[in-house]
Amino acid sequence: MKDSLTHRFMLFTTIVVVFIMLINFIWDYHNQKAQATLEMHEKAQVITKQLIATREVIAKNQNRINYDSQGNFEFKHLNPAAVGMQIGDIFGQLTHYSIKQTRLDYRSDSNAPDDYEAQGLLRFSYEPHLAEIWGEDVVAGERVFRYMVPLHMKEECLSCHGEPIGDLDITGHCKEGYKVEDLGGAISLIMPMDIFLHGIKLNVYRHLSFSLLLIGVIVISMYLLVTRLVTRSLGELKGATAQVGQGDFDIDLNRIRAQGEIKELAQHIQEMADQLKDLYQNLEAKVEKRTHQLKLANEDLRIKQDELEAANIKLNEINTYKSEFLAIMSHELRTPLTSVMAFTDLLLQDLPKELKQERQNLKYIKANSQNLLKLINNILDLAKLEAGRLELKLEYVDMADVMGAIDSVIAPLAKKKGIAWEISLDPEVSLLRADPEKLRRVIENLVGNAIKFTPPEGRVEIQVKNGPRDNWLMIRVIDTGIGIPPEEQEEIFERFTQIDSSNSRKYGGTGLGLALAKELVTLHKGELWVESEINKGSTFVVLLPKDPDKVDPGGNKEI
């Protein structure tokens, strides 16, 4: 039973124990390897120091070696270099180690450095204070420990290696011109690592065997413990709950062989079974009572539902009457307002220029009449949208013509307020199918809003280019105005909403322009949103399909 509690518990326990043992095993292996490396390092230090001591003894006793008791000189060929070579040969014969004296300008081929030694000698020359170099290497296919210490020139060494350069020394070699403390070479020691690695392997095998034995003991012990204290008790509980599930509540868990929490669980199940037995005996009466109550509640709900449907029908009728009333009133208001504007134009034409105050008053009348006409047109269009009677008259539109019409209206407003005004039309923009009048009103509302909320010496710009999706057009209206708080950027597209809705707000308007623009863009199956920061300006983005008939209204995807 792979899904049993015992199996899962044992699997989890085994994984935890193995993981801990593995960490301990890796840690122990690294410690043993570090200890072995430390021992080889100390051993190498002792061996090389012994050779250095021997060389110094030979160097300091050259006169005693080469002169007899009568003061006669006879070179015995027992200089430090020669003795060091002989010691290296004998040492190599007696052990598996290899020790030699080496330098870059060697006199004997037996002292020629290999690649590792050549790099070490270069390091000693570049780093005069470096006392030793050591590490692992592979020589002839075997892992070895390499150790090098530098040899610096002493006073007694200059007789053979000092100045003048080129003169023959006592051994017949040319002097190198060294001075005291110059690097004269190095002692290189190679120690095989097979003994140390073998010891590490033995320790690894011993620890691995012990770990496997410990894991086995722990797993078996845990299995016996879980089986005795948990699994058997849970099996009895499983049988009792299955009996309860079949409707038989006559169970007895008071004598269950369990301990601790499982014993408490058995007592709770026993109490539950006793309570279920009591409840089941009175269940039919309670069900009949609850059924009657539910029937009454359903009847009351049906009555409330009928009342709600009637209220919805009444509300729809009222909303329709409201939309029709607004449409009729807006239409009726436009006729006298148009007449006011026409007669104002006639009066301006006939009024003498010297009557400046009267002409200014007529201009105020004309300007406010135009604003009122825009408001009425917005209300009329929103009312038509609500009534479902506002339809698009699609035709192929050249954005250059639309931008020209907008420029003729907005340029004077921007100039009057001292705002920089610019239209940027990408020449790659092609024709699109749209309602030109409604498209113009969308852009005009957005630009008018930008002019209104941008202070003097600010900037308003329209950018028209192809959209990020194929066959879509993007229009961006950018201003350097007061900006819109993030929490209000969704609300501004609702009707009769402005950033400041108090009675004493600084900027005028009814809050219908953006709501109408949003509705008209949606009618074109497009999108409208705003990107803004307080005191840094706003960017209103319009994304329109170049052919609304080829767009899926649900997902804004081309059909």
# chains A, B, ... in the order shown; residues from 1 in each chain; ligands from 1
$ select_by_dssp --residues "segment 28-271 of chain A" --states "strand (DSSP E)" --output "MDAnalysis selection string"
chainID A and resid 98:102 133:139 142:152 183:192
$ residues_around --residues "segment 162-173 of chain A" --least-positions-apart "2" --cutoff "12 Å" --atoms "only C-alpha atoms" --output "ChimeraX atom specification"
/A:62,66,73-82,106-108,153-160,175-182,184
$ write_last_selection --atoms "N, CA, C and O atoms" --output "compact mmCIF listing (two decimals), in the first residue's frame"
# COMPACT_ATOMS: atom_id res chain seq x y z
N GLN A 62 83.02 24.80 3.77
CA GLN A 62 83.77 24.59 2.53
C GLN A 62 85.27 24.64 2.76
O GLN A 62 86.03 23.85 2.17
N ASN A 66 87.77 21.56 1.81
CA ASN A 66 88.68 21.67 0.67
C ASN A 66 90.15 21.96 1.07
O ASN A 66 91.02 22.00 0.20
N PHE A 73 95.07 23.40 -0.58
CA PHE A 73 93.70 23.40 -1.15
C PHE A 73 93.53 22.24 -2.13
O PHE A 73 94.39 21.99 -2.97
N GLU A 74 92.42 21.51 -1.96
CA GLU A 74 92.04 20.45 -2.91
C GLU A 74 90.51 20.38 -2.95
O GLU A 74 89.87 20.07 -1.94
N PHE A 75 89.95 20.76 -4.09
CA PHE A 75 88.48 20.79 -4.22
C PHE A 75 87.92 19.38 -4.20
O PHE A 75 88.28 18.53 -5.02
N LYS A 76 87.02 19.10 -3.23
CA LYS A 76 86.48 17.76 -3.03
C LYS A 76 85.15 17.53 -3.74
O LYS A 76 84.56 16.47 -3.64
N HIS A 77 84.63 18.58 -4.45
CA HIS A 77 83.33 18.47 -5.15
C HIS A 77 82.17 18.17 -4.19
O HIS A 77 81.25 17.42 -4.50
N LEU A 78 82.30 18.77 -2.98
CA LEU A 78 81.22 18.61 -2.00
C LEU A 78 80.60 19.98 -1.67
O LEU A 78 80.40 20.33 -0.51
N ASN A 79 80.35 20.73 -2.70
CA ASN A 79 79.64 22.01 -2.50
C ASN A 79 78.16 21.75 -2.26
O ASN A 79 77.67 20.63 -2.48
N PRO A 80 77.37 22.75 -1.78
CA PRO A 80 75.95 22.51 -1.45
C PRO A 80 75.13 21.93 -2.60
O PRO A 80 74.29 21.06 -2.38
N ALA A 81 75.37 22.40 -3.82
CA ALA A 81 74.59 21.90 -4.95
C ALA A 81 74.85 20.42 -5.18
O ALA A 81 73.93 19.62 -5.41
N ALA A 82 76.14 20.03 -5.17
CA ALA A 82 76.49 18.63 -5.42
C ALA A 82 75.94 17.73 -4.32
O ALA A 82 75.39 16.65 -4.58
N TYR A 106 69.64 26.60 -15.02
CA TYR A 106 70.25 25.45 -14.36
C TYR A 106 71.59 25.11 -15.03
O TYR A 106 71.82 25.36 -16.21
N ARG A 107 72.50 24.51 -14.21
CA ARG A 107 73.81 24.08 -14.71
C ARG A 107 73.80 22.62 -15.15
O ARG A 107 74.50 22.23 -16.05
N SER A 108 72.97 21.81 -14.47
CA SER A 108 72.90 20.37 -14.78
C SER A 108 71.49 20.04 -15.25
O SER A 108 70.50 20.59 -14.74
N MET A 153 70.34 33.65 -2.10
CA MET A 153 71.79 33.68 -2.04
C MET A 153 72.28 34.22 -0.69
O MET A 153 71.75 35.20 -0.18
N LYS A 154 73.30 33.52 -0.14
CA LYS A 154 73.95 33.96 1.08
C LYS A 154 75.40 34.33 0.75
O LYS A 154 75.90 34.09 -0.36
N GLU A 155 76.08 34.89 1.74
CA GLU A 155 77.44 35.39 1.51
C GLU A 155 78.38 34.27 1.05
O GLU A 155 79.20 34.45 0.15
N GLU A 156 78.23 33.06 1.65
CA GLU A 156 79.12 31.97 1.31
C GLU A 156 78.83 31.38 -0.07
O GLU A 156 79.63 30.59 -0.59
N CYS A 157 77.68 31.76 -0.67
CA CYS A 157 77.33 31.25 -2.00
C CYS A 157 77.94 32.08 -3.12
O CYS A 157 77.98 31.65 -4.28
N LEU A 158 78.38 33.30 -2.82
CA LEU A 158 78.81 34.23 -3.87
C LEU A 158 80.14 33.83 -4.48
O LEU A 158 80.48 34.28 -5.58
N SER A 159 80.93 32.99 -3.79
CA SER A 159 82.23 32.57 -4.34
C SER A 159 82.04 31.78 -5.64
O SER A 159 82.92 31.80 -6.51
N CYS A 160 80.90 31.09 -5.76
CA CYS A 160 80.62 30.32 -6.97
C CYS A 160 79.58 30.98 -7.87
O CYS A 160 79.54 30.69 -9.07
N LYS A 175 80.20 32.20 -13.49
CA LYS A 175 79.45 32.83 -12.41
C LYS A 175 78.25 33.61 -12.98
O LYS A 175 78.34 34.16 -14.08
N GLU A 176 77.18 33.67 -12.21
CA GLU A 176 75.96 34.33 -12.68
C GLU A 176 75.85 35.78 -12.23
O GLU A 176 74.95 36.50 -12.68
N GLY A 177 76.66 36.24 -11.30
CA GLY A 177 76.59 37.64 -10.86
C GLY A 177 75.53 37.88 -9.80
O GLY A 177 75.02 39.00 -9.67
N TYR A 178 75.18 36.85 -9.03
CA TYR A 178 74.16 37.02 -7.99
C TYR A 178 74.70 37.88 -6.85
O TYR A 178 75.92 37.99 -6.63
N LYS A 179 73.75 38.47 -6.10
CA LYS A 179 74.06 39.21 -4.89
C LYS A 179 73.34 38.58 -3.71
O LYS A 179 72.46 37.74 -3.89
N VAL A 180 73.69 39.00 -2.51
CA VAL A 180 73.07 38.44 -1.31
C VAL A 180 71.55 38.68 -1.36
O VAL A 180 71.09 39.77 -1.73
N GLU A 181 70.76 37.64 -1.01
CA GLU A 181 69.29 37.65 -0.97
C GLU A 181 68.64 37.55 -2.34
O GLU A 181 67.43 37.57 -2.46
N ASP A 182 69.45 37.45 -3.42
CA ASP A 182 68.84 37.19 -4.73
C ASP A 182 68.29 35.77 -4.76
O ASP A 182 68.79 34.87 -4.07
N GLY A 184 68.13 32.30 -5.91
CA GLY A 184 69.08 31.43 -6.59
C GLY A 184 68.46 30.15 -7.09
O GLY A 184 69.13 29.36 -7.76
$ closest_residue --among "A:Pro412, A:Gly199, A:Gly88, A:Pro128" --to "Lys33 of chain A" --atoms "only C-alpha atoms"
A:Gly199
$ residues_around --residues "Ala44 of chain A" --least-positions-apart "6" --cutoff "10 Å" --atoms "only C-alpha atoms" --output "PyMOL selection string"
chain A and resi 38+50+99+134+145-149+188-191
$ write_last_selection --atoms "N, CA and C atoms" --output "mmCIF file, in the first residue's frame"
data_model
loop_
_atom_site.group_PDB
_atom_site.id
_atom_site.type_symbol
_atom_site.label_atom_id
_atom_site.label_comp_id
_atom_site.auth_asym_id
_atom_site.auth_seq_id
_atom_site.Cartn_x
_atom_site.Cartn_y
_atom_site.Cartn_z
ATOM 1 N N LEU A 38 46.977 18.715 5.183
ATOM 2 C CA LEU A 38 47.762 19.388 6.215
ATOM 3 C C LEU A 38 48.951 18.533 6.642
ATOM 4 N N GLN A 50 65.184 19.999 6.262
ATOM 5 C CA GLN A 50 66.355 19.150 6.508
ATOM 6 C C GLN A 50 67.386 19.311 5.389
ATOM 7 N N ILE A 99 62.950 14.624 -4.542
ATOM 8 C CA ILE A 99 63.356 15.951 -4.092
ATOM 9 C C ILE A 99 64.561 16.389 -4.909
ATOM 10 N N TRP A 134 52.556 25.194 -2.666
ATOM 11 C CA TRP A 134 52.177 23.792 -2.551
ATOM 12 C C TRP A 134 50.791 23.571 -3.147
ATOM 13 N N PHE A 145 51.519 15.296 -4.398
ATOM 14 C CA PHE A 145 51.531 16.556 -3.662
ATOM 15 C C PHE A 145 52.834 17.270 -3.982
ATOM 16 N N ARG A 146 52.729 18.514 -4.488
ATOM 17 C CA ARG A 146 53.900 19.290 -4.874
ATOM 18 C C ARG A 146 54.193 20.342 -3.807
ATOM 19 N N TYR A 147 55.501 20.532 -3.517
ATOM 20 C CA TYR A 147 55.902 21.516 -2.520
ATOM 21 C C TYR A 147 57.222 22.148 -2.969
ATOM 22 N N MET A 148 57.294 23.490 -2.895
ATOM 23 C CA MET A 148 58.499 24.218 -3.300
ATOM 24 C C MET A 148 58.796 25.313 -2.284
ATOM 25 N N VAL A 149 60.095 25.496 -1.977
ATOM 26 C CA VAL A 149 60.541 26.610 -1.142
ATOM 27 C C VAL A 149 61.680 27.309 -1.882
ATOM 28 N N SER A 188 62.370 21.506 -4.767
ATOM 29 C CA SER A 188 61.067 20.978 -5.192
ATOM 30 C C SER A 188 60.917 19.563 -4.662
ATOM 31 N N LEU A 189 59.791 19.305 -3.992
ATOM 32 C CA LEU A 189 59.497 17.996 -3.413
ATOM 33 C C LEU A 189 58.202 17.452 -4.016
ATOM 34 N N ILE A 190 58.225 16.193 -4.447
ATOM 35 C CA ILE A 190 57.036 15.517 -4.989
ATOM 36 C C ILE A 190 56.728 14.325 -4.104
ATOM 37 N N MET A 191 55.519 14.303 -3.518
ATOM 38 C CA MET A 191 55.102 13.234 -2.610
ATOM 39 C C MET A 191 53.890 12.524 -3.202
#
$ atom_distance --atom1 "atom CA of Glu391 of chain A" --atom2 "atom CA of Thr539 of chain A"
28.0 Å
$ residues_around --residues "Val464 of chain A" --least-positions-apart "4" --cutoff "7 Å" --atoms "only C-alpha atoms" --output "list in words"
Ser424, Leu425, Asp426, Met474, Ile475 and Arg476 of chain A
$ closest_residue --among "A:Met10, A:Leu208, A:Leu528, A:Ile15" --to "Leu224 of chain A" --atoms "only C-alpha atoms"
A:Met10
$ closest_residue --among "A:Val83, A:Cys174, A:Gly537, A:Leu212" --to "Val17 of chain A" --atoms "only C-alpha atoms"
A:Leu212
$ atom_distance --atom1 "atom CA of Glu39 of chain A" --atom2 "atom CA of Trp27 of chain A"
18.4 Å
$ closest_residue --among "A:Ile419, A:Ile376, A:Val542, A:Ile410" --to "Leu473 of chain A" --atoms "only C-alpha atoms"
A:Val542
$ closest_residue --among "A:Ala59, A:Arg469, A:Ala517, A:Asn312" --to "Phe493 of chain A" --atoms "only C-alpha atoms"
A:Ala517
$ closest_residue --among "A:Ile23, A:Leu151, A:Glu437, A:Leu392" --to "Lys49 of chain A" --atoms "only C-alpha atoms"
A:Leu151
